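As stored in model_31.csv (CSV, C-alpha atoms):
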```csv
chain,number,residue,atom,x,y,z
M,1,MET,CA,170.6,61.2,187.6
M,2,SER,CA,172.6,63.9,189.4
M,3,LYS,CA,175.5,65.5,187.6
M,4,TYR,CA,179.1,65.4,188.9
M,5,SER,CA,180.6,68.8,189.4
M,6,PHE,CA,183.9,70.1,188.0
M,7,LEU,CA,182.7,73.6,188.5
M,8,TYR,CA,185.0,74.6,191.4
M,9,ASP,CA,187.0,73.2,194.3
M,10,TYR,CA,184.5,74.0,197.0
M,11,ALA,CA,181.5,71.9,196.0
M,12,GLU,CA,182.1,69.5,198.9
M,13,GLY,CA,181.9,70.4,202.6
M,14,ALA,CA,185.1,69.8,204.6
M,15,HIS,CA,187.6,67.1,205.2
M,16,PRO,CA,186.3,64.6,207.9
M,17,ASP,CA,189.2,65.4,210.2
M,18,ILE,CA,188.1,69.1,210.3
M,19,LEU,CA,184.5,68.2,211.0
M,20,ASN,CA,185.5,65.9,213.8
M,21,ALA,CA,187.7,68.6,215.3
M,22,LEU,CA,184.8,71.1,215.2
M,23,ILE,CA,182.5,68.6,216.9
M,24,ASN,CA,185.1,67.5,219.6
M,25,THR,CA,185.8,71.1,220.6
M,26,ASN,CA,182.2,72.3,220.3
M,27,MET,CA,181.4,72.7,224.0
M,28,ILE,CA,184.7,74.0,225.1
M,29,GLN,CA,184.4,77.7,226.1
M,30,GLN,CA,186.9,80.1,224.4
M,31,LEU,CA,187.6,83.8,224.0
M,32,GLY,CA,186.3,85.4,220.9
M,33,TYR,CA,187.6,87.5,218.0
M,34,GLY,CA,190.7,85.4,217.2
M,35,GLU,CA,192.0,85.3,220.7
M,36,ASP,CA,191.0,81.7,221.4
M,37,GLU,CA,193.5,78.9,221.9
M,38,TYR,CA,192.7,77.4,218.5
M,39,CYS,CA,193.5,80.5,216.5
M,40,LEU,CA,196.7,81.0,218.5
M,41,THR,CA,197.7,77.4,217.9
M,42,ALA,CA,197.0,77.6,214.2
M,43,ALA,CA,199.0,80.8,213.9
M,44,GLU,CA,202.0,79.2,215.5
M,45,LEU,CA,201.7,76.2,213.1
M,46,ILE,CA,201.6,78.5,210.1
M,47,LYS,CA,204.5,80.6,211.4
M,48,LYS,CA,206.5,77.3,211.7
M,49,GLU,CA,205.5,75.9,208.3
M,50,PHE,CA,206.3,79.2,206.4
M,51,ASP,CA,209.2,80.1,208.7
M,52,VAL,CA,207.8,83.5,209.6
M,53,PRO,CA,208.2,83.9,213.3
M,54,THR,CA,207.5,87.6,213.4
M,55,ALA,CA,204.5,87.6,211.1
M,56,GLU,CA,201.0,88.5,212.2
M,57,ILE,CA,198.4,85.9,211.4
M,58,HIS,CA,194.7,86.9,211.0
M,59,PHE,CA,191.8,84.6,210.1
M,60,VAL,CA,188.9,85.8,207.9
M,61,SER,CA,185.9,84.0,206.3
M,62,GLY,CA,186.8,84.1,202.6
M,63,GLY,CA,189.0,85.4,199.8
M,64,THR,CA,187.0,88.4,198.8
M,65,GLN,CA,187.0,89.6,202.4
M,66,ALA,CA,190.7,88.9,202.7
M,67,ASN,CA,191.5,90.9,199.5
M,68,MET,CA,189.3,93.8,200.4
M,69,THR,CA,190.5,94.1,204.0
M,70,VAL,CA,194.2,93.9,203.1
M,71,ILE,CA,194.1,96.3,200.2
M,72,SER,CA,191.9,98.9,201.8
M,73,SER,CA,194.0,98.7,205.0
M,74,VAL,CA,197.4,99.3,203.4
M,75,LEU,CA,196.5,101.9,200.7
M,76,LYS,CA,196.0,105.6,201.2
M,77,PRO,CA,192.8,107.1,199.7
M,78,TYR,CA,194.6,108.2,196.5
M,79,GLU,CA,196.6,105.0,195.9
M,80,SER,CA,195.6,102.2,193.6
M,81,VAL,CA,196.3,98.5,193.1
M,82,ILE,CA,197.8,96.9,190.0
M,83,ALA,CA,196.3,93.5,188.9
M,84,ALA,CA,196.1,91.2,185.9
M,85,GLN,CA,192.9,91.7,183.9
M,86,THR,CA,191.9,88.2,184.9
M,87,GLY,CA,192.7,88.8,188.6
M,88,HIS,CA,190.0,87.9,191.1
M,89,ILE,CA,189.7,91.4,192.5
M,90,ALA,CA,189.1,92.8,188.9
M,91,VAL,CA,186.5,90.2,187.8
M,92,HIS,CA,184.8,88.3,190.5
M,93,GLU,CA,184.4,90.5,193.6
M,94,THR,CA,181.6,92.8,192.5
M,95,GLY,CA,183.7,95.9,192.7
M,96,ALA,CA,184.7,95.3,196.4
M,97,ILE,CA,188.0,97.1,196.0
M,98,GLU,CA,186.5,100.0,194.2
M,99,PHE,CA,183.8,100.2,196.9
M,100,THR,CA,186.5,101.0,199.4
M,101,GLY,CA,187.6,103.8,197.2
M,102,HIS,CA,190.6,102.4,195.4
M,103,LYS,CA,191.1,102.1,191.6
M,104,ILE,CA,192.3,98.9,190.1
M,105,ASN,CA,194.9,99.3,187.2
M,106,THR,CA,194.3,96.2,185.2
M,107,ILE,CA,196.9,94.7,182.8
M,108,LYS,CA,196.2,92.3,180.0
M,109,THR,CA,198.3,89.2,180.2
M,110,ALA,CA,198.6,86.0,178.2
M,111,ASP,CA,198.8,83.6,181.1
M,112,GLY,CA,197.2,85.5,184.1
M,113,LYS,CA,200.7,86.4,185.4
M,114,LEU,CA,202.2,89.9,186.0
M,115,THR,CA,205.8,90.7,185.2
M,116,PRO,CA,208.0,93.9,185.7
M,117,GLU,CA,207.8,94.5,182.0
M,118,LEU,CA,204.0,94.6,182.1
M,119,ILE,CA,203.8,96.7,185.2
M,120,GLU,CA,206.3,99.4,184.3
M,121,PRO,CA,204.1,101.2,181.7
M,122,VAL,CA,201.4,101.7,184.3
M,123,LEU,CA,203.9,103.4,186.6
M,124,ILE,CA,205.1,105.6,183.7
M,125,GLU,CA,201.6,106.6,182.8
M,126,HIS,CA,200.6,107.7,186.3
M,127,CYS,CA,202.9,110.6,186.6
M,128,ASP,CA,201.2,113.5,188.4
M,129,GLU,CA,198.7,114.5,191.1
M,130,HIS,CA,195.8,114.3,188.6
M,131,MET,CA,196.0,110.6,188.7
M,132,VAL,CA,196.0,107.8,191.3
M,133,VAL,CA,199.3,106.6,192.6
M,134,PRO,CA,199.9,102.8,191.9
M,135,LYS,CA,201.2,101.5,195.2
M,136,LEU,CA,200.3,97.8,195.5
M,137,VAL,CA,200.8,94.9,193.1
M,138,TYR,CA,198.2,92.1,193.4
M,139,ILE,CA,199.0,88.6,192.2
M,140,SER,CA,197.3,85.2,192.6
M,141,ASN,CA,199.3,82.0,193.1
M,142,SER,CA,198.0,79.9,191.5
M,143,THR,CA,196.4,82.4,189.1
M,144,GLU,CA,192.8,82.3,187.9
M,145,LEU,CA,194.1,80.5,184.8
M,146,GLY,CA,195.7,77.8,186.8
M,147,THR,CA,199.2,79.0,186.1
M,148,ILE,CA,201.8,79.5,188.9
M,149,TYR,CA,204.4,82.0,190.0
M,150,THR,CA,207.8,80.2,190.4
M,151,LYS,CA,210.6,81.3,192.6
M,152,SER,CA,212.2,83.1,189.7
M,153,ASP,CA,209.0,84.9,188.9
M,154,LEU,CA,208.5,86.2,192.4
M,155,GLU,CA,212.1,87.2,192.8
M,156,LYS,CA,211.9,89.4,189.7
M,157,LEU,CA,208.6,90.9,190.9
M,158,SER,CA,210.0,91.5,194.3
M,159,ILE,CA,213.1,93.3,193.2
M,160,PHE,CA,211.0,95.5,190.8
M,161,CYS,CA,208.5,96.3,193.5
M,162,LYS,CA,211.2,97.3,196.0
M,163,GLU,CA,212.9,99.5,193.4
M,164,ASN,CA,209.7,101.3,192.7
M,165,ASP,CA,208.3,101.6,196.3
M,166,LEU,CA,205.5,99.1,195.6
M,167,LEU,CA,204.0,96.6,198.0
M,168,LEU,CA,203.5,93.0,196.8
M,169,PHE,CA,200.4,91.1,197.8
M,170,MET,CA,199.9,87.4,197.0
M,171,ASP,CA,196.3,86.0,196.9
M,172,GLY,CA,196.7,82.5,198.1
M,173,ALA,CA,193.2,81.2,197.7
M,174,ARG,CA,194.8,78.2,195.8
M,175,LEU,CA,198.2,78.5,197.4
M,176,GLY,CA,198.2,74.8,198.2
M,177,SER,CA,197.8,73.9,194.6
M,178,SER,CA,200.6,76.2,193.6
M,179,LEU,CA,203.0,74.9,196.1
M,180,THR,CA,202.3,71.2,195.3
M,181,SER,CA,202.4,71.7,191.5
M,182,LYS,CA,204.9,69.4,189.8
M,183,TYR,CA,206.1,72.5,187.9
M,184,GLN,CA,206.8,74.5,191.1
M,185,ASP,CA,210.2,75.2,192.7
M,186,LEU,CA,208.8,77.6,195.2
M,187,THR,CA,208.5,76.3,198.7
M,188,ALA,CA,206.4,77.6,201.6
M,189,LYS,CA,209.5,78.9,203.3
M,190,ASP,CA,210.5,80.9,200.2
M,191,ILE,CA,207.5,83.1,200.2
M,192,ARG,CA,208.7,85.3,203.0
M,193,ASN,CA,211.6,86.5,200.9
M,194,TYR,CA,209.4,88.1,198.2
M,195,VAL,CA,206.1,89.4,199.4
M,196,ASP,CA,204.8,91.9,201.9
M,197,VAL,CA,201.6,90.1,202.7
M,198,PHE,CA,199.9,86.9,201.5
M,199,TYR,CA,197.0,84.7,202.5
M,200,ILE,CA,196.5,80.9,202.7
M,201,GLY,CA,193.3,79.6,201.3
M,202,GLY,CA,191.4,77.1,203.3
M,203,THR,CA,188.0,77.3,201.6
M,204,LYS,CA,189.3,75.8,198.4
M,205,ASN,CA,191.5,73.2,200.1
M,206,GLY,CA,189.4,71.1,202.5
M,207,ALA,CA,188.1,73.7,205.0
M,208,LEU,CA,184.4,74.6,205.4
M,209,ALA,CA,185.5,78.2,205.1
M,210,GLY,CA,188.4,80.5,206.0
M,211,GLU,CA,191.6,82.1,204.9
M,212,ALA,CA,194.7,83.0,206.9
M,213,ILE,CA,196.2,86.4,206.2
M,214,VAL,CA,199.9,86.6,206.9
M,215,LEU,CA,201.3,90.1,207.4
M,216,LEU,CA,205.1,90.2,206.9
M,217,ASN,CA,205.9,93.9,206.4
M,218,ASP,CA,206.0,95.6,209.8
M,219,ASP,CA,204.6,98.8,208.2
M,220,ILE,CA,201.2,97.2,207.4
M,221,LYS,CA,200.7,95.4,210.7
M,222,GLU,CA,199.7,98.4,212.8
M,223,LYS,CA,196.0,98.4,213.8
M,224,PHE,CA,195.1,95.8,211.1
M,225,ARG,CA,192.4,94.4,213.4
M,226,TYR,CA,190.6,97.8,213.2
M,227,SER,CA,190.4,97.3,209.5
M,228,MET,CA,189.1,93.8,210.0
M,229,LYS,CA,186.4,94.9,212.3
M,230,GLN,CA,185.3,97.7,210.0
M,231,LYS,CA,185.0,95.2,207.1
M,232,GLY,CA,183.1,92.7,209.1
M,233,ALA,CA,186.1,90.3,209.1
M,234,LEU,CA,186.7,90.2,212.9
M,235,LEU,CA,184.2,87.4,213.8
M,236,ALA,CA,183.2,86.6,217.4
M,237,LYS,CA,183.5,82.9,216.7
M,238,SER,CA,186.9,83.0,214.9
M,239,ARG,CA,187.6,79.8,216.7
M,240,ILE,CA,186.0,77.9,213.8
M,241,PHE,CA,188.9,79.1,211.6
M,242,GLY,CA,191.5,78.4,214.2
M,243,ILE,CA,190.3,74.8,214.6
M,244,GLN,CA,190.3,74.2,210.9
M,245,PHE,CA,193.7,75.6,210.2
M,246,SER,CA,195.1,73.8,213.1
M,247,VAL,CA,194.0,70.5,211.5
M,248,LEU,CA,195.2,71.5,208.1
M,249,PHE,CA,198.7,72.3,209.3
M,250,GLN,CA,199.1,69.2,211.4
M,251,ASN,CA,200.5,66.1,209.8
M,252,ASN,CA,200.9,67.8,206.3
M,253,LEU,CA,197.1,67.6,205.6
M,254,PHE,CA,197.0,71.0,203.8
M,255,PHE,CA,199.6,69.9,201.2
M,256,GLU,CA,198.2,66.3,200.8
M,257,LEU,CA,194.8,67.7,199.9
M,258,ALA,CA,196.2,70.1,197.4
M,259,ALA,CA,198.4,67.4,195.8
M,260,HIS,CA,195.4,65.2,195.4
M,261,ALA,CA,193.5,67.9,193.5
M,262,ASN,CA,196.5,68.5,191.3
M,263,ASN,CA,197.2,64.8,190.6
M,264,LEU,CA,193.7,64.2,189.4
M,265,ALA,CA,193.8,67.3,187.2
M,266,TYR,CA,197.0,65.9,185.7
M,267,LYS,CA,195.3,62.6,185.1
M,268,MET,CA,192.4,64.4,183.4
M,269,THR,CA,194.8,66.5,181.4
M,270,GLN,CA,196.7,63.5,180.1
M,271,GLY,CA,193.4,61.8,179.0
M,272,ILE,CA,192.2,64.9,177.2
M,273,ASP,CA,195.5,65.4,175.5
M,274,GLU,CA,195.6,61.8,174.3
M,275,LEU,CA,192.2,62.3,172.7
M,276,GLY,CA,193.7,65.1,170.7
M,277,TYR,CA,192.3,68.2,172.4
M,278,ARG,CA,194.4,71.4,173.0
M,279,PHE,CA,194.7,73.6,176.0
M,280,ILE,CA,194.9,77.4,176.2
M,281,ALA,CA,197.8,77.1,178.7
M,282,VAL,CA,199.9,74.2,180.0
M,283,PRO,CA,197.9,72.8,182.9
M,284,GLN,CA,200.0,73.3,186.1
M,285,THR,CA,197.5,73.0,189.0
M,286,ASN,CA,193.9,71.8,189.6
M,287,ILE,CA,192.3,74.1,187.1
M,288,ILE,CA,192.6,73.2,183.4
M,289,PHE,CA,191.2,74.9,180.2
M,290,PRO,CA,190.8,72.6,177.3
M,291,VAL,CA,189.2,73.6,173.9
M,292,ILE,CA,186.2,71.4,173.2
M,293,PRO,CA,183.8,71.4,170.2
M,294,ASP,CA,180.4,72.9,171.1
M,295,LYS,CA,178.5,69.8,170.0
M,296,THR,CA,180.7,67.7,172.4
M,297,ILE,CA,180.1,70.2,175.2
M,298,LYS,CA,176.3,69.7,174.9
M,299,LYS,CA,176.7,66.0,175.4
M,300,LEU,CA,179.1,66.3,178.3
M,301,GLU,CA,176.7,68.7,180.1
M,302,LYS,CA,174.2,65.9,180.4
M,303,LYS,CA,176.4,64.2,183.0
M,304,PHE,CA,178.8,66.8,184.3
M,305,LEU,CA,178.9,70.4,185.5
M,306,PHE,CA,181.6,72.8,184.4
M,307,TYR,CA,182.1,76.3,183.2
M,308,PRO,CA,182.1,77.2,179.4
M,309,TRP,CA,184.9,79.8,179.9
M,310,GLN,CA,184.8,81.6,176.6
M,311,LYS,CA,184.4,81.0,172.9
M,312,TYR,CA,187.6,79.9,171.1
M,313,ASP,CA,186.2,80.1,167.6
M,314,GLU,CA,182.9,79.6,165.7
M,315,ASN,CA,182.6,75.9,166.6
M,316,ASN,CA,184.8,75.5,169.8
M,317,THR,CA,184.7,76.8,173.3
M,318,ILE,CA,187.2,76.9,176.1
M,319,ILE,CA,185.8,75.1,179.2
M,320,ARG,CA,187.1,75.2,182.8
M,321,LEU,CA,187.5,72.0,184.7
M,322,VAL,CA,188.4,72.1,188.4
M,323,THR,CA,189.3,69.1,190.6
M,324,SER,CA,189.2,69.3,194.4
M,325,TRP,CA,190.7,67.7,197.5
M,326,ALA,CA,187.7,65.3,197.4
M,327,THR,CA,187.4,64.5,193.7
M,328,LYS,CA,187.1,60.8,193.0
M,329,GLU,CA,189.4,59.2,190.5
M,330,GLU,CA,186.6,57.2,189.0
M,331,LYS,CA,184.8,60.4,188.1
M,332,ILE,CA,187.9,61.4,186.1
M,333,VAL,CA,187.7,58.1,184.3
M,334,GLU,CA,183.9,58.6,183.6
M,335,PHE,CA,184.5,62.0,182.2
M,336,LEU,CA,187.3,60.8,179.9
M,337,GLU,CA,185.1,57.9,178.7
M,338,GLU,CA,182.2,60.2,177.9
M,339,LEU,CA,184.6,62.6,176.1
M,340,LYS,CA,186.0,59.7,174.1
M,341,GLN,CA,182.5,58.5,173.0
```
Written as structure tokens, that's how I'd like the structure from this file.
Amino acid sequence: MSKYSFLYDYAEGAHPDILNALINTNMIQQLGYGEDEYCLTAAELIKKEFDVPTAEIHFVSGGTQANMTVISSVLKPYESVIAAQTGHIAVHETGAIEFTGHKINTIKTADGKLTPELIEPVLIEHCDEHMVVPKLVYISNSTELGTIYTKSDLEKLSIFCKENDLLLFMDGARLGSSLTSKYQDLTAKDIRNYVDVFYIGGTKNGALAGEAIVLLNDDIKEKFRYSMKQKGALLAKSRIFGIQFSVLFQNNLFFELAAHANNLAYKMTQGIDELGYRFIAVPQTNIIFPVIPDKTIKKLEKKFLFYPWQKYDENNTIIRLVTSWATKEEKIVEFLEELKQ
């Protein structure tokens, strides 16, 4: 019997509407390197959805590539990036940022989120030319712990960054899940007020692959495509990203898929909570972290795939459960029944 996966939100391929669009446009000739009609259409749809008419939109293959290209493009050789200790660039990108010559100043956080109070000591510590100059603040929304930055959170960070000559970059690999969270008051059109650059994740929200980088700050737009080319991000057949994002941002599909993932995570959360298990943080999006006895985990692993995140104590482990745009509700029921038994 095959095991059902709650490992991550990209275990499935792509939404059928995207596959159909790729097939239907397959033999239509187009220009390359993001200058095709599909990328241009997708860019206009994104500009309208996020109300960023003067933004530059660039499509790349994945989140690591987006992060590496943005950060290496906007920083001088002696400048560094500030990130949460759990941040994707600090943990799961094989030193991609360091490979481009930039230090990551990591900060330990309780919930995966950065605040001005946490960032300020880093700025104070780096005080002379014998040290790197912190220049960019990297955040993920939602975070690697499934928590979200609300409007108030971003407003405080934005004010602090402007006061301290810092750029603010938002990793949006799971931006759809953040914006459709029932705990969220931030809207797509609010983002422009707070960050200098962000990207919209397609890979984890129904696309085969692809992220859309949105450059808002005019100072970081110049010759960005040169950085993309240098990092292998300027693909000849960028049309495949344009087609997918055009579909995602027509008829509200991007948000519907994210809401589906969140809603099934909430259903799973409610069931786990009713069985008496605790969570390391209030589940806010499609990633949840319950604390489960080790002996129970061994039984669950016979039918389901998930990450044992870290040990909680001698007899219990924090596990990570992730729902996706394609997760079936009956699989949530099956998991909860198995946990109950």
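Taking all atoms listed in the file into account, those protein, DNA and RNA residues with any atom at most 12 Å away from (189.7, 79.6, 170.0) amount to Tyr277, Arg278, Phe279, Ile280, Phe289, Pro290, Val291, Ile292, Pro293, Asp294, Trp309, Gln310, Lys311, Tyr312, Asp313, Glu314, Asn315, Asn316, Thr317, Ile318 and Ile319 of chain M.
Distances here use all atoms listed in the file; by that measure, the residue among M:Leu339, M:Ala281, M:Ala173, M:Ile240 closest to Asp9 of chain M is M:Ala173.
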The distance between atom CA of Ser152 of chain M and atom CA of Ser177 of chain M is 17.8 Å
(request) Tell me which protein, DNA and RNA residues are within 12 Å of Lys223 of chain M, counting only C-alpha atoms, leaving out same-chain ones fewer than 4 positions away, and put them as a ChimeraX atom specification. (result) /M:56,58,70,73-74,215,218-219,227-230
Best match for closeness to Lys113 of chain M among M:Thr64, M:Ser140, M:Gln341, M:Thr296, counting all atoms listed in the file: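 Of M:Thr64, M:Ser140, M:Gln341, M:Thr296, the one nearest Lys113 of chain M, counting all atoms listed in the file, is M:Ser140.
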From the set M:Ala233, M:Leu179, M:Ile18, M:Leu118, which residue has the shortest atom-to-atom contact distance to Leu253 of chain M, counting only C-alpha atoms?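 Result for the nearest residue to Leu253 of chain M: M:Ile18.
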- Query: Counting all atoms listed in the file, what is within 8 Å of Leu75 of chain M, bar same-chain residues fewer than 5 positions away, as a PyMOL selection string?
  - Reply: chain M and resi 80+102+135-136
Taken to one decimal, the atom CA of Gln85 of chain M-atom CA of Thr106 of chain M distance is 4.9 Å
Item checked: Which residue of M:Lys221, M:His126, M:His88, M:His15 approaches Met170 of chain M most closely, using all atoms listed in the file ->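 For Met170 of chain M, the nearest of the given residues is M:His88.
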Next on the checklist: Please return as a PyMOL selection string every residue within 12 Å of (186.0, 80.3, 221.9), taking into account only C-alpha atoms and the file's own coordinates.
Outcome noted: chain M and resi 22+25-40+235-243
Practice prompt. Using all atoms listed in the file, pick whichever of M:Phe224, M:Ile89, M:Phe6, M:Val137 has the shortest atom-to-atom distance to Thr69 of chain M.
Written response: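 Nearest candidate to Thr69 of chain M out of M:Phe224, M:Ile89, M:Phe6, M:Val137: M:Phe224.
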- Query: Skipping near chain neighbours, those fewer than 2 positions away, what residues fall within 6 Å of segment 60-63 of chain M using all atoms listed in the file, listed as JSON, numbers by chain?
  - Reply: {"M": [65, 66, 209, 210, 211, 233]}
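Candidate residues M:Asp196, M:Glu125, M:Glu338, M:Glu120 were compared for distance to Phe160 of chain M, and the nearest is M:Glu120, using only C-alpha atoms.
Pairwise distance (atom CA of Ile57 of chain M, atom CA of Val214 of chain M) equals 4.8 Å.
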Next item on the list: Might you pull out every residue within 12 Å of Gln250 of chain M, with all atoms listed in the file counted and same-chain residues fewer than 6 positions away left off, and present them as a PyMOL selection string?
Entry: chain M and resi 17-18+41-46+48-49+243-244+256
- Query: Counting only C-alpha atoms, what is within 6 Å of segment 146-148 of chain M, bar same-chain residues fewer than 5 positions away, as a list in words?
  - Reply: Asn141, Ser178, Gln284, Thr285 and Ile287 of chain M
